[in-house]
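Colleague: Dropping a structure here in structure tokens format, bear with me for questions.
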Amino acid sequence: MIKETNRRFGLVLKDHFFELPLDYTKPDSEKITVFAREVVDQDKDSEKLPWLVYFQGGPGFPSPRLTGNSSWHKKALKKYRLLLLDQRGTGLSSPINTQTLAKFGTGEDQADYLGHFRVDNIVNDAEAIRKALLGEDEKWSVMGQSYGGFCIVHYLSAAPEALKEGFITGGVPSLSRHIDDVYRETHKFCKAKSAFYYECYPNDVEKVKEIASFIRDTDVRLPCGDRLSVRRFQMLGMHLGFARGPEAIHHAIEGAFVEGVDGKTLGYGFLRTMENFLSFDTNPIFAILHESIYAQQFASRWSAERMRKLYPEFDEWEDGFLFTGELIGPWIFEEFTALQPLKEAAHILADKENWPPLYDIEKLKQNKVPVACAVYFNDMFVNQQYSLETIHAIPNMKAWVTSEYEHCGVGVDGERVFERLSAMVSGKIDR
């Protein structure tokens with residue numbers, strides 16, 4: 001159902017809402033709403049264009065809201081009719097947050113509901129939408145950034161007959177690596193990224209240690225009332241996985257201290273920056289289901305937290321304070337007041353062992369859908385080695401391995417990245 005149509009930036013934007021099953025094994029039971037925004041060049045709206053559906057990174061974040069016709073969208077709209085999908089639980093798609101989950105009486109009920117919001121059902125939703133918009137037999141193209149690439153690899157495994165071609169940027173998952181392998185390597189990458197930051201800004205070594213020591217020894221409160229812990233401060237390191245990450249951290253800390261009534265203290269501007277940086281409370285799927293994106297018939301059991309014990313240097317910063325990254329732990333559900341009501345559900349899902357397989361490896365070995373993948377050599381979030389293992393295992397997948405960009409390459413140079421991947425899919429270039 002199209003509920004609204006707008007025209008901006010030379011584009012036509014149509015808002016679609018679909019009522020789809022929460023559980024596809026019980027199609028006649030509870031329904032959820034899934035939202036997708038169709039975008040087309042206003043001069044081509046009457047044409048029968050091929051469709052390109054976009055899967056956002058995350059998990060737990062909605063599709064981009066366009067504020068102009070630029071980046072990869074501008075290039076894609078010359079050929080395609082875009083569909084920007086709010087994955088279930090995000091944006092306008094029956095959003096998940098502490099308010100909407102409060103209707104469930106227990107943590108077990110919350111966990112049971114949340115178990116339906118992984119990649120398998122995201123792809124089930126996409127398939128239902130494809131059939132509604134295009135018909136049973138017509139194929140469409142897919143593009144995925146980060147976790148969106150995980151969605152596409154699952155799509156290749158679950159319904160390859162629906163796909164014409166695929167584009168993946170910074171998001172090719174391992175098919176079989178255990179989650180503990182992922183987080184062992186992530187800790188190593190966090191160490192390397194921290195070292196690079198201090199190479200860029202050597203004077204920040206002592207500044208960061210001073211801030212960390214102050215946080216450790218003082219009851220520092222964020223504007224929202226939460227205590228600012230050392231671990232929360234460490235997660236500022238997630239910036240290091242993106243373009244200009246060292247600059248973001250450097251500018252955040254350069255004026256961290258001010259002179260207050262009782263002497264030197266952390267300023268309001270710095271504290272607001274820290275509060276705004278992490279969106280676990282506004283997008284709780286990211287915290288609750290993040291480790292489950294690697295879980296196939298086993299429990300994650302807070303893998304990142306367990307693997308951290310192998311690297312005591314993250315807790316002993318006399319030789320240099322180490323930032324972390326995409327490392328979710330149970331402490332988040334203690335320290336983020338807004339997430340405390342979801343603590344029981346988070347622990348239940350961390351101990352869940354019967355997650356279904358995410359990939360049909362035998363089917364993937366027969367893949368005929370052309371897929372071009374941008375693999376970022378310095379990617380902090382998706383391991384380059386594991387991505388290449390998968391690409392080498394799936395026929396018709398091509399890799400462009402580059403150190404020109406961080407994880408956000410499609411965000412900083414989207415037209416070039418999309419053009420390169422398009423040329424790879426069409427066979428004009430190999431890599």
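Letters A, B, ... mark the chains of the structure tokens in the order given; residue numbers begin at 1 per chain; ligand numbers begin at 1, in order shown.
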Please identify all polymer residues within 12 Å of Gly329 in chain A, counting only C-alpha atoms, omitting same-chain residues fewer than 3 positions from it, and present them as a ChimeraX atom specification.

Modeller: /A:183,231-232,235,280,286-291,300-308,324-326,332-336,343,346-347,350

Colleague: Please return as a PDB file with C-alpha atoms, in the first residue's frame: the residues of range 210-427 of chain A that backbone DSSP assigns to strand (DSSP E or B).

Modeller:
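Result went into part39.pdb, see below:
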```
ATOM      1  CA  ARG A 221      27.421  11.529  34.965  1.00  0.00           C
ATOM      2  CA  ARG A 227      27.392   7.054  34.674  1.00  0.00           C
ATOM      3  CA  PHE A 257      38.357  19.305  30.518  1.00  0.00           C
ATOM      4  CA  VAL A 258      37.080  22.619  31.852  1.00  0.00           C
ATOM      5  CA  GLU A 259      37.583  24.463  35.118  1.00  0.00           C
ATOM      6  CA  GLY A 260      34.507  24.063  37.300  1.00  0.00           C
ATOM      7  CA  GLY A 263      38.465  22.493  39.823  1.00  0.00           C
ATOM      8  CA  LYS A 264      39.229  20.496  36.687  1.00  0.00           C
ATOM      9  CA  THR A 265      36.314  18.435  35.426  1.00  0.00           C
ATOM     10  CA  LEU A 266      34.910  16.998  32.200  1.00  0.00           C
ATOM     11  CA  VAL A 371      27.837 -10.381  -7.264  1.00  0.00           C
ATOM     12  CA  ALA A 372      30.524  -7.696  -6.984  1.00  0.00           C
ATOM     13  CA  CYS A 373      32.005  -7.014  -3.544  1.00  0.00           C
ATOM     14  CA  ALA A 374      34.043  -4.108  -2.229  1.00  0.00           C
ATOM     15  CA  VAL A 375      36.320  -5.584   0.442  1.00  0.00           C
ATOM     16  CA  TYR A 376      38.121  -2.970   2.495  1.00  0.00           C
ATOM     17  CA  MET A 397      31.343 -13.480  -6.708  1.00  0.00           C
ATOM     18  CA  LYS A 398      34.105 -10.990  -7.472  1.00  0.00           C
ATOM     19  CA  ALA A 399      36.209  -9.030  -5.003  1.00  0.00           C
ATOM     20  CA  TRP A 400      37.605  -5.550  -5.293  1.00  0.00           C
ATOM     21  CA  VAL A 401      40.059  -5.362  -2.405  1.00  0.00           C
ATOM     22  CA  THR A 402      41.065  -1.786  -1.684  1.00  0.00           C
TER      23      THR A 402
END
```

Colleague: Smallest atom-to-atom distance to Phe117 in chain A: which of A:Tyr24, A:Phe314, A:Phe9, A:Phe17, using only C-alpha atoms?

Modeller: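 The closest residue to Phe117 in chain A is A:Tyr24.
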
Colleague: For range 239-255 of chain A, find every residue with an atom within 9 Å (counting only C-alpha atoms), except residues of its own chain fewer than 6 positions away, and show them as number ranges by chain.

Modeller: A: 190, 193-194, 196-198, 200-201, 204, 207-208, 211, 266-267, 269-270, 273-274, 323, 325, 378-381, 405-409, 412

Colleague: Quick one: write out the picked residues with C-alpha atoms as a PDB file, in the first residue's frame?

Modeller:
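Generated output (selection05.pdb):
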```pdb
ATOM      1  CA  CYS A 190      41.088  -2.500  17.764  1.00  0.00           C
ATOM      2  CA  LYS A 193      43.505   1.058  15.078  1.00  0.00           C
ATOM      3  CA  SER A 194      44.333   2.553  18.484  1.00  0.00           C
ATOM      4  CA  PHE A 196      47.302   4.240  14.314  1.00  0.00           C
ATOM      5  CA  TYR A 197      45.326   6.924  16.117  1.00  0.00           C
ATOM      6  CA  TYR A 198      48.244   7.688  18.413  1.00  0.00           C
ATOM      7  CA  CYS A 200      48.312  10.519  13.987  1.00  0.00           C
ATOM      8  CA  TYR A 201      48.044  12.420  17.284  1.00  0.00           C
ATOM      9  CA  ASP A 204      46.768  12.466  22.709  1.00  0.00           C
ATOM     10  CA  LYS A 207      45.352  13.272  27.172  1.00  0.00           C
ATOM     11  CA  VAL A 208      43.354  10.066  26.715  1.00  0.00           C
ATOM     12  CA  ILE A 211      40.471  11.342  30.766  1.00  0.00           C
ATOM     13  CA  LEU A 266      34.910  16.998  32.200  1.00  0.00           C
ATOM     14  CA  GLY A 267      32.921  19.634  30.328  1.00  0.00           C
ATOM     15  CA  GLY A 269      30.163  19.521  25.609  1.00  0.00           C
ATOM     16  CA  PHE A 270      32.390  16.477  25.933  1.00  0.00           C
ATOM     17  CA  THR A 273      29.326  14.081  22.694  1.00  0.00           C
ATOM     18  CA  MET A 274      29.840  10.849  24.603  1.00  0.00           C
ATOM     19  CA  PHE A 323      39.969   1.985  22.385  1.00  0.00           C
ATOM     20  CA  GLY A 325      34.961  -0.980  18.649  1.00  0.00           C
ATOM     21  CA  ASN A 378      41.585  -2.002   6.677  1.00  0.00           C
ATOM     22  CA  ASP A 379      38.002  -2.830   7.634  1.00  0.00           C
ATOM     23  CA  MET A 380      37.583  -2.757  11.420  1.00  0.00           C
ATOM     24  CA  PHE A 381      34.118  -4.316  11.386  1.00  0.00           C
ATOM     25  CA  TYR A 405      38.511   3.452   2.019  1.00  0.00           C
ATOM     26  CA  GLU A 406      37.486   2.445   5.495  1.00  0.00           C
ATOM     27  CA  HIS A 407      34.251   0.565   6.197  1.00  0.00           C
ATOM     28  CA  CYS A 408      32.207   3.545   4.994  1.00  0.00           C
ATOM     29  CA  GLY A 409      33.596   3.712   1.459  1.00  0.00           C
ATOM     30  CA  VAL A 412      32.320   8.900   1.306  1.00  0.00           C
TER      31      VAL A 412
END
```

Colleague: Could you tell me how far CA of Cys151 in chain A sits from CA of Ser174 in chain A, in Å to one decimal place?

Modeller: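 Interatomic distance, CA of Ser174 in chain A to CA of Cys151 in chain A: 12.4 Å.
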
Colleague: Tell me, in Å to one decimal, how far CA of Pro50 in chain A is from CA of Lys365 in chain A.

Modeller: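 Those two atoms sit 26.5 Å apart.
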
Colleague: Can you work out which one of A:Ser213, A:Gln234, A:Ser63, A:Gln385 has the shortest atom-to-atom distance to Gly148 in chain A, counting only C-alpha atoms?

Modeller: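 Residue with the minimum atom-to-atom distance to Gly148 in chain A: A:Ser63.
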
Colleague: List the spatial neighbours of Lys44 in chain A as a compact mmCIF listing (two decimals) with N, CA and C atoms, in the first residue's frame - criterion: any atom at most 10 Å away, only C-alpha atoms, same-chain residues fewer than 6 positions off excluded.

Modeller:
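And here's result-v1.txt as it stands now:
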```txt
# COMPACT_ATOMS: atom_id res chain seq x y z
N LEU A 11 13.27 13.92 -7.75
CA LEU A 11 12.94 12.52 -7.50
C LEU A 11 11.48 12.39 -7.10
N VAL A 12 10.93 11.20 -7.34
CA VAL A 12 9.62 10.83 -6.82
C VAL A 12 9.86 9.80 -5.72
N LEU A 77 20.23 5.74 -9.73
CA LEU A 77 18.94 6.20 -10.23
C LEU A 77 18.94 6.49 -11.73
N LYS A 78 20.10 6.48 -12.33
CA LYS A 78 20.16 6.62 -13.78
C LYS A 78 19.66 5.36 -14.48
N LYS A 79 19.67 4.24 -13.75
CA LYS A 79 19.30 2.96 -14.34
C LYS A 79 18.14 2.28 -13.62
N TYR A 80 18.09 2.44 -12.29
CA TYR A 80 17.19 1.63 -11.47
C TYR A 80 16.08 2.45 -10.82
N ARG A 81 15.07 1.73 -10.40
CA ARG A 81 14.07 2.20 -9.44
C ARG A 81 14.50 1.62 -8.08
```

Colleague: Taking only C-alpha atoms into account, name the residue in A:Asn69, A:Thr186, A:Thr337, A:Ser146 that is nearest to Pro173 in chain A.

Modeller: A:Ser146

Colleague: Between A:Asp315, A:Glu47, A:Asp226, A:Glu185, which one has atoms that come closest to Gln384 in chain A, using only C-alpha atoms?

Modeller: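 Selected residue with least distance to Gln384 in chain A: A:Glu185.
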
Colleague: What's around Gly68 in chain A at 12 Å? Count only C-alpha atoms, leave out sequence neighbours fewer than 3 positions away in its own chain, and write the answer as a PyMOL selection string.

Modeller: chain A and resi 7-13+39+41+64-65+71-74

Colleague: Restricting it to C-alpha atoms, dump the selection as a PDB file, in the first residue's frame.

Modeller:
```pdb
ATOM      1  CA  ARG A   7       8.584  14.992  -5.019  1.00  0.00           C
ATOM      2  CA  ARG A   8      11.953  16.436  -4.050  1.00  0.00           C
ATOM      3  CA  PHE A   9      15.399  16.885  -5.615  1.00  0.00           C
ATOM      4  CA  GLY A  10      14.076  15.820  -9.029  1.00  0.00           C
ATOM      5  CA  LEU A  11      12.940  12.521  -7.501  1.00  0.00           C
ATOM      6  CA  VAL A  12       9.622  10.829  -6.819  1.00  0.00           C
ATOM      7  CA  LEU A  13       9.479   9.196  -3.381  1.00  0.00           C
ATOM      8  CA  VAL A  39      12.754   6.292  -5.171  1.00  0.00           C
ATOM      9  CA  ASP A  41      14.030   9.867 -11.143  1.00  0.00           C
ATOM     10  CA  PRO A  64      18.857   6.089   4.654  1.00  0.00           C
ATOM     11  CA  ARG A  65      16.550   9.081   4.462  1.00  0.00           C
ATOM     12  CA  SER A  71      26.385   9.652  -3.651  1.00  0.00           C
ATOM     13  CA  TRP A  72      25.668   6.144  -4.973  1.00  0.00           C
ATOM     14  CA  HIS A  73      21.947   6.874  -5.223  1.00  0.00           C
ATOM     15  CA  LYS A  74      22.598   9.432  -7.961  1.00  0.00           C
TER      16      LYS A  74
END
```

Colleague: Can you work out which one of A:Leu82, A:Ile361, A:Ala162, A:Met238 has the shortest atom-to-atom distance to Ala128 in chain A, counting only C-alpha atoms?

Modeller: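 For Ala128 in chain A, the nearest of the given residues is A:Ala162.
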
Colleague: Which one of A:Leu66, A:Ala423, A:Leu339, A:Val182 sits closest to Val40 in chain A if you count only C-alpha atoms?

Modeller: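 For Val40 in chain A, the nearest of the given residues is A:Leu66.
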
Colleague: Just want the 12 Å neighbourhood of Gly144 in chain A, counted on only C-alpha atoms, with same-chain residues fewer than 2 positions away dropped. Output as a ChimeraX atom specification.

Modeller: /A:52-59,63,72,83-85,87,141-142,146-155,165-173,371-374,410,418,421

Colleague: Pull the helix (DSSP H, G or I) assignments for range 16-125 of chain A out of DSSP run on the backbone, and list those residues as a list in words.

Modeller: Ser71, Trp72, His73, Lys74, Lys75, Ala76, Thr98, Gln99, Thr100, Leu101, Gly107, Glu108, Asp109, Gln110, Ala111, Asp112, Tyr113, Leu114, Val119, Asp120, Asn121, Ile122, Val123, Asn124 and Asp125 of chain A
